[in-house]
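Visitor: Contents of run39.cif (mmCIF, C-alpha atoms and all ligand atoms) are below:
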data_model
loop_
_atom_site.group_PDB
_atom_site.id
_atom_site.type_symbol
_atom_site.label_atom_id
_atom_site.label_comp_id
_atom_site.auth_asym_id
_atom_site.auth_seq_id
_atom_site.Cartn_x
_atom_site.Cartn_y
_atom_site.Cartn_z
ATOM 1 C CA MET A 276 -22.098 -22.950 19.866
ATOM 2 C CA GLN A 277 -23.331 -21.541 16.563
ATOM 3 C CA ASP A 278 -26.210 -19.514 18.037
ATOM 4 C CA ARG A 279 -23.960 -17.882 20.644
ATOM 5 C CA LYS A 280 -23.555 -14.178 20.107
ATOM 6 C CA THR A 281 -20.059 -12.792 19.593
ATOM 7 C CA ILE A 282 -18.444 -9.618 20.889
ATOM 8 C CA LEU A 283 -15.168 -8.218 19.568
ATOM 9 C CA LEU A 284 -13.163 -5.963 21.901
ATOM 10 C CA LEU A 285 -10.713 -3.600 20.220
ATOM 11 C CA GLY A 286 -8.033 -2.695 22.764
ATOM 12 C CA ALA A 287 -8.889 -5.726 24.872
ATOM 13 C CA THR A 288 -5.852 -5.532 27.162
ATOM 14 C CA SER A 289 -7.080 -2.261 28.686
ATOM 15 C CA ASP A 290 -8.521 -2.455 32.183
ATOM 16 C CA ILE A 291 -11.933 -1.375 30.877
ATOM 17 C CA GLY A 292 -11.678 -3.814 27.957
ATOM 18 C CA ARG A 293 -10.869 -6.717 30.278
ATOM 19 C CA ALA A 294 -13.799 -5.903 32.579
ATOM 20 C CA THR A 295 -16.164 -5.584 29.602
ATOM 21 C CA ALA A 296 -14.984 -8.870 28.085
ATOM 22 C CA LEU A 297 -15.666 -10.609 31.387
ATOM 23 C CA GLN A 298 -19.221 -9.213 31.525
ATOM 24 C CA TYR A 299 -20.035 -10.564 28.082
ATOM 25 C CA ALA A 300 -18.348 -13.920 28.770
ATOM 26 C CA GLN A 301 -20.349 -14.305 31.985
ATOM 27 C CA ALA A 302 -23.523 -13.677 29.972
ATOM 28 C CA GLY A 303 -22.651 -16.599 27.686
ATOM 29 C CA TRP A 304 -21.195 -14.719 24.721
ATOM 30 C CA GLN A 305 -18.293 -15.845 22.586
ATOM 31 C CA VAL A 306 -15.503 -13.284 23.011
ATOM 32 C CA LEU A 307 -12.850 -12.086 20.541
ATOM 33 C CA LEU A 308 -10.006 -10.048 22.021
ATOM 34 C CA ALA A 309 -8.062 -7.753 19.677
ATOM 35 C CA ALA A 310 -4.891 -6.125 20.991
ATOM 36 C CA ARG A 311 -1.434 -5.041 19.893
ATOM 37 C CA ASN A 312 0.073 -7.110 22.723
ATOM 38 C CA VAL A 313 -1.007 -10.585 21.677
ATOM 39 C CA GLU A 314 0.769 -12.343 24.549
ATOM 40 C CA ALA A 315 -1.056 -10.240 27.155
ATOM 41 C CA ALA A 316 -4.342 -10.836 25.314
ATOM 42 C CA ARG A 317 -3.712 -14.609 25.358
ATOM 43 C CA ARG A 318 -3.160 -14.578 29.113
ATOM 44 C CA GLU A 319 -6.377 -12.617 29.494
ATOM 45 C CA ALA A 320 -8.241 -15.016 27.179
ATOM 46 C CA ASP A 321 -7.098 -18.021 29.256
ATOM 47 C CA ASP A 322 -8.205 -16.308 32.448
ATOM 48 C CA ILE A 323 -11.658 -15.423 31.089
ATOM 49 C CA ALA A 324 -12.138 -18.904 29.603
ATOM 50 C CA THR A 325 -11.169 -20.549 32.910
ATOM 51 C CA ARG A 326 -13.466 -18.316 34.943
ATOM 52 C CA THR A 327 -16.523 -18.448 32.675
ATOM 53 C CA GLY A 328 -16.189 -21.417 30.310
ATOM 54 C CA ALA A 329 -16.571 -18.997 27.387
ATOM 55 C CA GLU A 330 -14.909 -19.467 24.027
ATOM 56 C CA VAL A 331 -12.285 -16.684 23.778
ATOM 57 C CA GLY A 332 -10.198 -15.921 20.682
ATOM 58 C CA VAL A 333 -7.246 -13.545 20.263
ATOM 59 C CA HIS A 334 -6.420 -11.340 17.265
ATOM 60 C CA ARG A 335 -3.601 -8.896 16.629
ATOM 61 C CA LEU A 336 -4.580 -5.266 16.099
ATOM 62 C CA ASP A 337 -2.553 -2.076 16.032
ATOM 63 C CA ILE A 338 -4.980 0.832 15.771
ATOM 64 C CA LEU A 339 -2.329 2.895 13.948
ATOM 65 C CA GLU A 340 -2.206 0.418 11.031
ATOM 66 C CA THR A 341 -5.247 1.712 9.179
ATOM 67 C CA ASP A 342 -4.210 0.043 5.923
ATOM 68 C CA ARG A 343 -4.622 -3.367 7.661
ATOM 69 C CA PHE A 344 -8.179 -2.732 8.864
ATOM 70 C CA GLU A 345 -10.055 -4.396 5.975
ATOM 71 C CA ALA A 346 -7.811 -7.487 6.231
ATOM 72 C CA PHE A 347 -8.241 -7.522 10.017
ATOM 73 C CA ILE A 348 -12.019 -7.744 9.620
ATOM 74 C CA ASP A 349 -11.776 -10.334 6.827
ATOM 75 C CA GLU A 350 -9.529 -12.558 8.955
ATOM 76 C CA LEU A 351 -11.939 -12.715 11.923
ATOM 77 C CA PRO A 352 -13.652 -16.117 12.312
ATOM 78 C CA THR A 353 -17.044 -14.414 12.121
ATOM 79 C CA LEU A 354 -18.520 -10.935 11.748
ATOM 80 C CA PRO A 355 -19.272 -10.122 15.429
ATOM 81 C CA ASP A 356 -22.728 -9.154 16.700
ATOM 82 C CA THR A 357 -21.212 -6.395 18.828
ATOM 83 C CA VAL A 358 -17.933 -4.494 18.430
ATOM 84 C CA ALA A 359 -16.600 -2.326 21.269
ATOM 85 C CA CYS A 360 -13.618 -0.002 20.853
ATOM 86 C CA VAL A 361 -11.770 0.660 24.087
ATOM 87 C CA VAL A 362 -8.447 1.768 22.568
ATOM 88 C CA GLY A 363 -7.049 5.015 23.914
ATOM 89 C CA GLU A 364 -3.851 6.878 24.739
ATOM 90 C CA LEU A 365 -3.873 9.639 27.364
ATOM 91 C CA GLY A 366 -0.361 10.816 26.543
ATOM 92 C CA ASP A 367 1.293 13.940 27.897
ATOM 93 C CA GLN A 368 -0.367 17.283 27.110
ATOM 94 C CA ALA A 369 2.761 19.376 27.806
ATOM 95 C CA ARG A 370 4.832 17.194 25.496
ATOM 96 C CA ALA A 371 2.149 17.234 22.767
ATOM 97 C CA GLN A 372 2.320 21.046 22.663
ATOM 98 C CA THR A 373 5.781 20.979 21.061
ATOM 99 C CA ASP A 374 6.372 17.364 19.998
ATOM 100 C CA LEU A 375 4.194 16.957 16.924
ATOM 101 C CA GLY A 376 4.975 13.254 16.727
ATOM 102 C CA HIS A 377 3.470 12.772 20.175
ATOM 103 C CA ALA A 378 0.474 14.980 19.350
ATOM 104 C CA THR A 379 -0.105 12.987 16.166
ATOM 105 C CA LEU A 380 0.040 9.735 18.128
ATOM 106 C CA LEU A 381 -2.707 10.990 20.455
ATOM 107 C CA LEU A 382 -4.899 12.163 17.564
ATOM 108 C CA ARG A 383 -4.448 8.913 15.655
ATOM 109 C CA SER A 384 -4.850 6.575 18.664
ATOM 110 C CA ASN A 385 -7.936 8.272 20.089
ATOM 111 C CA PHE A 386 -9.669 9.456 16.929
ATOM 112 C CA GLU A 387 -8.413 8.341 13.525
ATOM 113 C CA GLY A 388 -7.939 4.625 14.212
ATOM 114 C CA PRO A 389 -10.972 3.970 16.446
ATOM 115 C CA ALA A 390 -13.316 6.011 14.199
ATOM 116 C CA LEU A 391 -12.170 4.500 10.906
ATOM 117 C CA LEU A 392 -12.275 0.919 12.176
ATOM 118 C CA LEU A 393 -15.745 1.254 13.720
ATOM 119 C CA GLY A 394 -16.808 2.937 10.468
ATOM 120 C CA LEU A 395 -15.717 -0.126 8.488
ATOM 121 C CA PHE A 396 -17.639 -2.434 10.829
ATOM 122 C CA ALA A 397 -20.682 -0.200 10.331
ATOM 123 C CA GLU A 398 -20.528 -0.828 6.570
ATOM 124 C CA ARG A 399 -20.501 -4.611 7.141
ATOM 125 C CA PHE A 400 -23.346 -4.352 9.655
ATOM 126 C CA LEU A 401 -25.435 -2.360 7.178
ATOM 127 C CA VAL A 402 -25.026 -5.121 4.585
ATOM 128 C CA ARG A 403 -25.920 -7.810 7.167
ATOM 129 C CA ARG A 404 -28.662 -5.561 8.618
ATOM 130 C CA SER A 405 -27.696 -6.195 12.249
ATOM 131 C CA GLY A 406 -25.030 -5.290 14.753
ATOM 132 C CA THR A 407 -24.186 -3.054 17.686
ATOM 133 C CA LEU A 408 -21.224 -0.692 17.897
ATOM 134 C CA ILE A 409 -19.779 0.710 21.118
ATOM 135 C CA GLY A 410 -17.188 3.487 21.269
ATOM 136 C CA VAL A 411 -15.473 4.449 24.505
ATOM 137 C CA SER A 412 -14.904 8.192 24.241
ATOM 138 C CA SER A 413 -14.447 10.653 27.112
ATOM 139 C CA VAL A 414 -15.909 13.621 28.927
ATOM 140 C CA ALA A 415 -12.609 15.276 27.962
ATOM 141 C CA GLY A 416 -14.157 15.637 24.500
ATOM 142 C CA ASP A 417 -17.160 17.604 25.799
ATOM 143 C CA ARG A 418 -15.143 20.821 26.182
ATOM 144 C CA GLY A 419 -11.477 21.552 25.517
ATOM 145 C CA ARG A 420 -9.442 22.338 28.628
ATOM 146 C CA GLY A 421 -5.897 23.711 28.902
ATOM 147 C CA SER A 422 -4.641 20.648 30.771
ATOM 148 C CA ASN A 423 -5.532 18.007 28.140
ATOM 149 C CA TYR A 424 -6.889 19.497 24.923
ATOM 150 C CA VAL A 425 -4.959 17.306 22.495
ATOM 151 C CA TYR A 426 -6.437 14.112 23.969
ATOM 152 C CA GLY A 427 -9.737 15.988 24.482
ATOM 153 C CA ALA A 428 -9.880 17.173 20.865
ATOM 154 C CA ALA A 429 -9.261 13.643 19.614
ATOM 155 C CA LYS A 430 -12.069 12.333 21.835
ATOM 156 C CA ALA A 431 -14.331 15.196 20.674
ATOM 157 C CA GLY A 432 -13.696 14.121 17.087
ATOM 158 C CA PHE A 433 -14.438 10.514 18.016
ATOM 159 C CA THR A 434 -17.676 11.502 19.796
ATOM 160 C CA ALA A 435 -18.796 13.537 16.748
ATOM 161 C CA PHE A 436 -17.956 10.681 14.381
ATOM 162 C CA LEU A 437 -19.975 8.238 16.505
ATOM 163 C CA SER A 438 -22.892 10.679 16.598
ATOM 164 C CA GLY A 439 -22.879 10.915 12.812
ATOM 165 C CA LEU A 440 -22.610 7.159 12.475
ATOM 166 C CA ARG A 441 -25.560 6.690 14.843
ATOM 167 C CA ASN A 442 -27.610 9.127 12.796
ATOM 168 C CA ARG A 443 -26.838 7.153 9.656
ATOM 169 C CA LEU A 444 -27.313 3.682 11.199
ATOM 170 C CA ALA A 445 -30.525 4.332 13.127
ATOM 171 C CA PRO A 446 -32.940 3.983 10.159
ATOM 172 C CA ALA A 447 -31.496 0.499 9.564
ATOM 173 C CA GLY A 448 -32.160 -0.417 13.213
ATOM 174 C CA LEU A 449 -28.460 -0.601 14.126
ATOM 175 C CA LYS A 450 -27.242 0.572 17.517
ATOM 176 C CA MET A 451 -24.299 2.906 18.162
ATOM 177 C CA ILE A 452 -23.503 3.521 21.839
ATOM 178 C CA THR A 453 -21.110 6.261 22.961
ATOM 179 C CA VAL A 454 -19.599 5.693 26.398
ATOM 180 C CA LYS A 455 -18.202 8.541 28.483
ATOM 181 C CA PRO A 456 -16.723 6.845 31.526
ATOM 182 C CA GLY A 457 -15.672 9.887 33.591
ATOM 183 C CA PHE A 458 -12.700 9.064 35.811
ATOM 184 C CA VAL A 459 -11.932 5.341 36.030
ATOM 185 C CA ARG A 460 -9.342 3.719 38.253
ATOM 186 C CA THR A 461 -7.171 2.046 35.582
ATOM 187 C CA ARG A 462 -3.590 1.858 34.370
ATOM 188 C CA MET A 463 -4.272 5.113 32.465
ATOM 189 C CA THR A 464 -4.980 7.077 35.645
ATOM 190 C CA ALA A 465 -2.507 5.272 37.941
ATOM 191 C CA GLY A 466 -0.885 7.714 40.373
ATOM 192 C CA MET A 467 -3.528 10.442 39.855
ATOM 193 C CA LYS A 468 -5.539 11.735 42.793
ATOM 194 C CA LEU A 469 -9.144 11.122 41.743
ATOM 195 C CA PRO A 470 -12.317 12.237 43.594
ATOM 196 C CA PRO A 471 -14.030 9.025 44.792
ATOM 197 C CA LEU A 472 -17.582 10.161 43.923
ATOM 198 C CA LEU A 473 -16.585 10.834 40.321
ATOM 199 C CA THR A 474 -14.413 7.751 39.909
ATOM 200 C CA ALA A 475 -15.680 4.398 38.681
ATOM 201 C CA GLU A 476 -14.018 0.993 38.869
ATOM 202 C CA PRO A 477 -13.388 -0.804 35.554
ATOM 203 C CA GLU A 478 -15.965 -3.480 36.514
ATOM 204 C CA GLU A 479 -18.589 -0.749 36.910
ATOM 205 C CA VAL A 480 -17.809 0.473 33.392
ATOM 206 C CA GLY A 481 -18.019 -3.081 32.040
ATOM 207 C CA ARG A 482 -21.442 -3.564 33.621
ATOM 208 C CA ALA A 483 -22.669 -0.178 32.346
ATOM 209 C CA ILE A 484 -21.509 -0.964 28.800
ATOM 210 C CA PHE A 485 -23.205 -4.378 28.782
ATOM 211 C CA ALA A 486 -26.440 -2.951 30.205
ATOM 212 C CA ALA A 487 -26.533 -0.039 27.739
ATOM 213 C CA ALA A 488 -25.679 -2.054 24.658
ATOM 214 C CA GLU A 489 -27.624 -5.232 25.283
ATOM 215 C CA LYS A 490 -30.598 -4.142 27.406
ATOM 216 C CA GLY A 491 -30.887 -0.351 27.437
ATOM 217 C CA ARG A 492 -32.123 2.351 25.101
ATOM 218 C CA ALA A 493 -29.661 5.151 25.810
ATOM 219 C CA ASP A 494 -27.374 6.228 22.955
ATOM 220 C CA VAL A 495 -24.809 8.131 25.013
ATOM 221 C CA ILE A 496 -23.969 7.031 28.533
ATOM 222 C CA TYR A 497 -22.064 8.704 31.330
ATOM 223 C CA VAL A 498 -21.100 5.739 33.527
ATOM 224 C CA ARG A 499 -21.731 7.705 36.741
ATOM 225 C CA PRO A 500 -24.801 9.855 35.992
ATOM 226 C CA VAL A 501 -23.379 12.737 38.056
ATOM 227 C CA TRP A 502 -20.943 13.330 35.168
ATOM 228 C CA ARG A 503 -23.783 14.407 32.858
ATOM 229 C CA MET A 504 -24.620 17.177 35.326
ATOM 230 C CA VAL A 505 -20.964 18.135 35.775
ATOM 231 C CA MET A 506 -20.358 18.372 32.030
ATOM 232 C CA THR A 507 -23.623 20.219 31.362
ATOM 233 C CA THR A 508 -22.565 22.796 33.967
ATOM 234 C CA ILE A 509 -19.064 23.061 32.483
ATOM 235 C CA GLY A 510 -20.614 23.460 29.034
ATOM 236 C CA LEU A 511 -22.713 26.408 30.227
ATOM 237 C CA ILE A 512 -19.779 28.473 31.498
ATOM 238 C CA PRO A 513 -19.348 31.448 29.108
ATOM 239 C CA GLU A 514 -16.092 31.374 27.155
ATOM 240 C CA THR A 515 -15.068 34.783 28.576
ATOM 241 C CA LEU A 516 -15.037 33.200 32.050
ATOM 242 C CA PHE A 517 -13.968 29.708 30.981
ATOM 243 C CA LYS A 518 -10.721 30.987 29.433
ATOM 244 C CA ARG A 519 -9.665 32.383 32.831
ATOM 245 C CA LEU A 520 -10.169 29.109 34.702
ATOM 246 C CA ARG A 521 -7.246 26.745 35.216
ATOM 247 C CA LEU A 522 -8.824 23.389 34.345
HETATM 248 N N1 LIG B 1 -9.309 5.667 32.835
HETATM 249 C C1 LIG B 1 -10.055 6.746 32.695
HETATM 250 O O1 LIG B 1 -10.219 7.570 33.633
HETATM 251 C C2 LIG B 1 -10.773 6.997 31.395
HETATM 252 C C3 LIG B 1 -11.683 8.066 31.348
HETATM 253 C C4 LIG B 1 -12.348 8.319 30.169
HETATM 254 C C5 LIG B 1 -12.124 7.531 29.061
HETATM 255 N N2 LIG B 1 -11.237 6.516 29.117
HETATM 256 C C6 LIG B 1 -11.030 5.723 27.910
HETATM 257 O O2 LIG B 1 -11.271 4.363 28.189
HETATM 258 C C7 LIG B 1 -10.529 3.554 27.265
HETATM 259 C C8 LIG B 1 -9.778 2.493 28.015
HETATM 260 O O3 LIG B 1 -8.823 3.092 28.840
HETATM 261 P P1 LIG B 1 -8.308 2.505 30.225
HETATM 262 O O4 LIG B 1 -8.591 3.509 31.256
HETATM 263 O O5 LIG B 1 -8.814 1.098 30.412
HETATM 264 O O6 LIG B 1 -6.741 2.583 30.021
HETATM 265 P P2 LIG B 1 -5.660 1.575 29.463
HETATM 266 O O7 LIG B 1 -5.647 0.343 30.296
HETATM 267 O O8 LIG B 1 -4.398 2.365 29.350
HETATM 268 O O9 LIG B 1 -6.193 1.228 28.006
HETATM 269 C C9 LIG B 1 -5.779 1.784 26.812
HETATM 270 C C10 LIG B 1 -5.792 0.673 25.798
HETATM 271 O O10 LIG B 1 -5.531 1.196 24.481
HETATM 272 C C11 LIG B 1 -4.611 0.286 23.861
HETATM 273 N N3 LIG B 1 -3.858 0.921 22.787
HETATM 274 C C12 LIG B 1 -3.200 2.108 22.803
HETATM 275 N N4 LIG B 1 -2.605 2.309 21.610
HETATM 276 C C13 LIG B 1 -2.909 1.230 20.829
HETATM 277 C C14 LIG B 1 -2.587 0.853 19.515
HETATM 278 N N5 LIG B 1 -1.787 1.606 18.744
HETATM 279 N N6 LIG B 1 -3.092 -0.288 19.018
HETATM 280 C C15 LIG B 1 -3.871 -1.082 19.787
HETATM 281 N N7 LIG B 1 -4.189 -0.808 21.072
HETATM 282 C C16 LIG B 1 -3.708 0.346 21.578
HETATM 283 C C17 LIG B 1 -3.679 -0.141 24.991
HETATM 284 O O11 LIG B 1 -2.956 -1.292 24.608
HETATM 285 P P3 LIG B 1 -1.759 -1.888 25.521
HETATM 286 O O12 LIG B 1 -2.446 -2.714 26.586
HETATM 287 O O13 LIG B 1 -0.965 -2.696 24.577
HETATM 288 O O14 LIG B 1 -1.010 -0.708 26.095
HETATM 289 C C18 LIG B 1 -4.726 -0.391 26.080
HETATM 290 O O15 LIG B 1 -5.271 -1.674 25.936
HETATM 291 C C19 LIG B 1 -9.648 4.533 26.472
HETATM 292 O O16 LIG B 1 -10.254 4.842 25.241
HETATM 293 C C20 LIG B 1 -9.630 5.760 27.355
HETATM 294 O O17 LIG B 1 -9.355 6.933 26.606
HETATM 295 C C21 LIG B 1 -10.555 6.216 30.264
#
Would you mind writing the structure in this file as structure tokens?
Guide:
Amino acid sequence: MQDRKTILLLGATSDIGRATALQYAQAGWQVLLAARNVEAARREADDIATRTGAEVGVHRLDILETDRFEAFIDELPTLPDTVACVVGELGDQARAQTDLGHATLLLRSNFEGPALLLGLFAERFLVRRSGTLIGVSSVAGDRGRGSNYVYGAAKAGFTAFLSGLRNRLAPAGLKMITVKPGFVRTRMTAGMKLPPLLTAEPEEVGRAIFAAAEKGRADVIYVRPVWRMVMTTIGLIPETLFKRLRL
């Protein structure tokens, strides 16, 4: 058991987190699930263990409790080989425009917490001289749009933080993967009308994350490659025109 590699999923009860955990468990990894809803994480752990025979542990994590982060890491049974952060909160853009509490929740859940916690793991990995970090960000962070710029700005901050971390970790041979899933059919997007060609299933995201982190060489992945083209095109639209579009 000792030479088994370990992955820690932060936000493990998300649809993407569950699919990613299953990928790693199927590949023979030990899995640690961290979530604010410990009961749901336990049910998920039992399911993954039954289906794969993997060893699956559960740990409580609220991404808003930044002052608990050091203790959270210290209390893990081992320093994981790979840490993936899947935590996120889409929220309500219209509400965030006037309700500062809601806006703050989106900024903290999508940027502050995920960035600071991955940053702390990076420090431990640098001391150990090994480890892979994965951050699930979003194409929403590639360019601010009127319909979701609070969430998008938080993801943009997260993407920039991960880019800086990668730049700092690379000389030590440590990997930092940024994942931009595009649309994914999950609890977060339930009820939305999504274009099928641009929409991935959670299992597809889980497979893409495992392939990128454990076999690939890419630093930033768009789960469906068409998204790279879409976002490059959106990025090229001049601001004078962009501000007139209803996106
Ligand atoms: N679905 C998409 O189209 C899409 C597109 C681009 C990026 N993403 C990103 O992909 C990631 C996973 O999202 P998803 O689509 O799988 O949606 P999801 O099922 O709603 O996942 C969001 C996860 O974040 C967790 N979370 C929120 N606040 C937290 C907190 N304070 N402490 C701990 N955990 C917290 C939720 O925990 P609970 O289970 O307890 O609610 C849930 O597990 C997110 O970062 C999201 O922004 C999704």
Visitor: Counting all atoms listed in the file, name the residues that have an atom within 7 Å of an atom of ligand LIG 1 (chain B); the answer should be given as number ranges by chain.
Guide: A: 286-292, 310-312, 336-339, 361-365, 384-385, 411-414, 455-464
Visitor: Those residues with C-alpha atoms, as a tab-separated table (two decimals), keeping the file's coordinate frame please?
Guide:
chain	number	residue	atom	x	y	z
A	286	GLY	CA	-8.03	-2.70	22.76
A	287	ALA	CA	-8.89	-5.73	24.87
A	288	THR	CA	-5.85	-5.53	27.16
A	289	SER	CA	-7.08	-2.26	28.69
A	290	ASP	CA	-8.52	-2.46	32.18
A	291	ILE	CA	-11.93	-1.38	30.88
A	292	GLY	CA	-11.68	-3.81	27.96
A	310	ALA	CA	-4.89	-6.12	20.99
A	311	ARG	CA	-1.43	-5.04	19.89
A	312	ASN	CA	0.07	-7.11	22.72
A	336	LEU	CA	-4.58	-5.27	16.10
A	337	ASP	CA	-2.55	-2.08	16.03
A	338	ILE	CA	-4.98	0.83	15.77
A	339	LEU	CA	-2.33	2.90	13.95
A	361	VAL	CA	-11.77	0.66	24.09
A	362	VAL	CA	-8.45	1.77	22.57
A	363	GLY	CA	-7.05	5.01	23.91
A	364	GLU	CA	-3.85	6.88	24.74
A	365	LEU	CA	-3.87	9.64	27.36
A	384	SER	CA	-4.85	6.58	18.66
A	385	ASN	CA	-7.94	8.27	20.09
A	411	VAL	CA	-15.47	4.45	24.50
A	412	SER	CA	-14.90	8.19	24.24
A	413	SER	CA	-14.45	10.65	27.11
A	414	VAL	CA	-15.91	13.62	28.93
A	455	LYS	CA	-18.20	8.54	28.48
A	456	PRO	CA	-16.72	6.84	31.53
A	457	GLY	CA	-15.67	9.89	33.59
A	458	PHE	CA	-12.70	9.06	35.81
A	459	VAL	CA	-11.93	5.34	36.03
A	460	ARG	CA	-9.34	3.72	38.25
A	461	THR	CA	-7.17	2.05	35.58
A	462	ARG	CA	-3.59	1.86	34.37
A	463	MET	CA	-4.27	5.11	32.47
A	464	THR	CA	-4.98	7.08	35.65
Visitor: Just to confirm, what's the straight-line distance from atom CA of Ser405 of chain A to atom CA of Gln305 of chain A in Å (one decimal)?
Guide: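 Interatomic distance, atom CA of Ser405 of chain A to atom CA of Gln305 of chain A: 17.0 Å.
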Visitor: In Å to one decimal, how far is atom CA of Thr474 of chain A from atom CA of Leu520 of chain A?
Guide: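 The value is 22.4 Å.
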Visitor: If I take atom CA of Arg519 of chain A and atom CA of Pro500 of chain A, how far is one from the other in Å, to one decimal?
Guide: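 According to the coordinates, atom CA of Arg519 of chain A and atom CA of Pro500 of chain A are separated by 27.3 Å.
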Visitor: Give as a list in words the residues that the PyMOL selection byres (((chain A and resi 359) around 7) and not hetatm) matches when applied to the coordinates above.
Guide: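 With the shown file as input, the PyMOL selection byres (((chain A and resi 359) around 7) and not hetatm) matches Leu283, Leu284, Leu285, Thr357, Val358, Cys360, Val361, Leu408, Ile409 and Gly410 of chain A.
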Visitor: Give me a file of those residues, with C-alpha atoms, as an mmCIF file, keeping the file's coordinate frame.
Guide:
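As written to disk, again-v7.cif reads:
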data_model
loop_
_atom_site.group_PDB
_atom_site.id
_atom_site.type_symbol
_atom_site.label_atom_id
_atom_site.label_comp_id
_atom_site.auth_asym_id
_atom_site.auth_seq_id
_atom_site.Cartn_x
_atom_site.Cartn_y
_atom_site.Cartn_z
ATOM 1 C CA LEU A 283 -15.168 -8.218 19.568
ATOM 2 C CA LEU A 284 -13.163 -5.963 21.901
ATOM 3 C CA LEU A 285 -10.713 -3.600 20.220
ATOM 4 C CA THR A 357 -21.212 -6.395 18.828
ATOM 5 C CA VAL A 358 -17.933 -4.494 18.430
ATOM 6 C CA CYS A 360 -13.618 -0.002 20.853
ATOM 7 C CA VAL A 361 -11.770 0.660 24.087
ATOM 8 C CA LEU A 408 -21.224 -0.692 17.897
ATOM 9 C CA ILE A 409 -19.779 0.710 21.118
ATOM 10 C CA GLY A 410 -17.188 3.487 21.269
#
Visitor: Restricting the calculation to all atoms listed in the file: of A:Phe436, A:Gly419, A:Thr407, A:Arg383, which residue gets closest to Lys490 of chain A?
Guide: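 Of the candidates, the smallest distance to Lys490 of chain A is held by A:Thr407.
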Visitor: Within 10 Å of Ala428 of chain A, counting all atoms listed in the file, which residues show up once you throw out same-chain ones fewer than 3 positions away? Write them as a VMD selection string, please.
Guide: chain A and resid 381 to 382 385 to 386 415 to 420 423 to 425 431 to 434
Visitor: Kindly indicate which residue among A:Ala371, A:Ala309, A:Val402, A:Leu522 lies nearest to Ile509 of chain A, using all atoms listed in the file for the distances.
Guide: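 Result for the nearest residue to Ile509 of chain A: A:Leu522.
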Visitor: From the options A:Gly303, A:Gly394, A:Pro352, A:Gly448, which residue's atoms come nearest to Gly328 of chain A, counting only C-alpha atoms?
Guide: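 Nearest to Gly328 of chain A: A:Gly303.
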Visitor: Pick out the residues sitting within 12 Å of Glu345 of chain A, and hand them over as number ranges by chain; count all atoms listed in the file, and ignore anything fewer than 4 positions along from it in its own chain.
Guide: A: 336, 340-341, 349-351, 391-396, 398-399
Visitor: Leaving out Val313 of chain A and any residue of its chain fewer than 6 positions from it, which residues lie within 8 Å of it when counting only C-alpha atoms, given as a PyMOL selection string?
Guide: chain A and resi 333-335
Visitor: Which of these, A:Lys450, A:Arg293, A:Ile282, A:Ala346, has the shortest distance to Ile323 of chain A once you count all atoms listed in the file?
Guide: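 Closest to Ile323 of chain A of all the choices is A:Arg293.
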Visitor: Name the residues, using the chain letters and numbers of the file, that sit within 7 Å of (-22.1, 6.7, 21.4) when counting all atoms listed in the file, and give them as a list of chain:residue names.
Guide: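 Residues with an atom at most 7 Å from (-22.1, 6.7, 21.4): A:Ile409, A:Gly410, A:Thr434, A:Leu437, A:Ser438, A:Met451, A:Ile452, A:Thr453, A:Val454, A:Asp494, A:Val495.
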Visitor: With all atoms listed in the file as the basis for distance, which of A:Leu473, A:Phe400, A:Ala320, A:Glu478 is at the shortest distance from Met506 of chain A?
Guide: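 Of all the options, A:Leu473 lies closest to Met506 of chain A.
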Visitor: Between A:Ala487, A:Val306, A:Ala369, A:Leu401, single out the one closest to Ala445 of chain A, counting only C-alpha atoms.
Guide: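 Closest candidate: A:Leu401.
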Visitor: Near Ala329 of chain A, counting all atoms listed in the file, which residues have an atom at most 12 Å away, once you skip same-chain residues fewer than 4 positions from it, shown as a list in words?
Guide: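 After dropping sequence-adjacent residues, the list is Met276, Arg279, Lys280, Thr281, Ile282, Ala296, Leu297, Gln298, Tyr299, Ala300, Gln301, Ala302, Gly303, Trp304, Gln305, Val306, Leu307, Ala320, Asp321, Asp322, Ile323, Ala324 and Thr325 of chain A.
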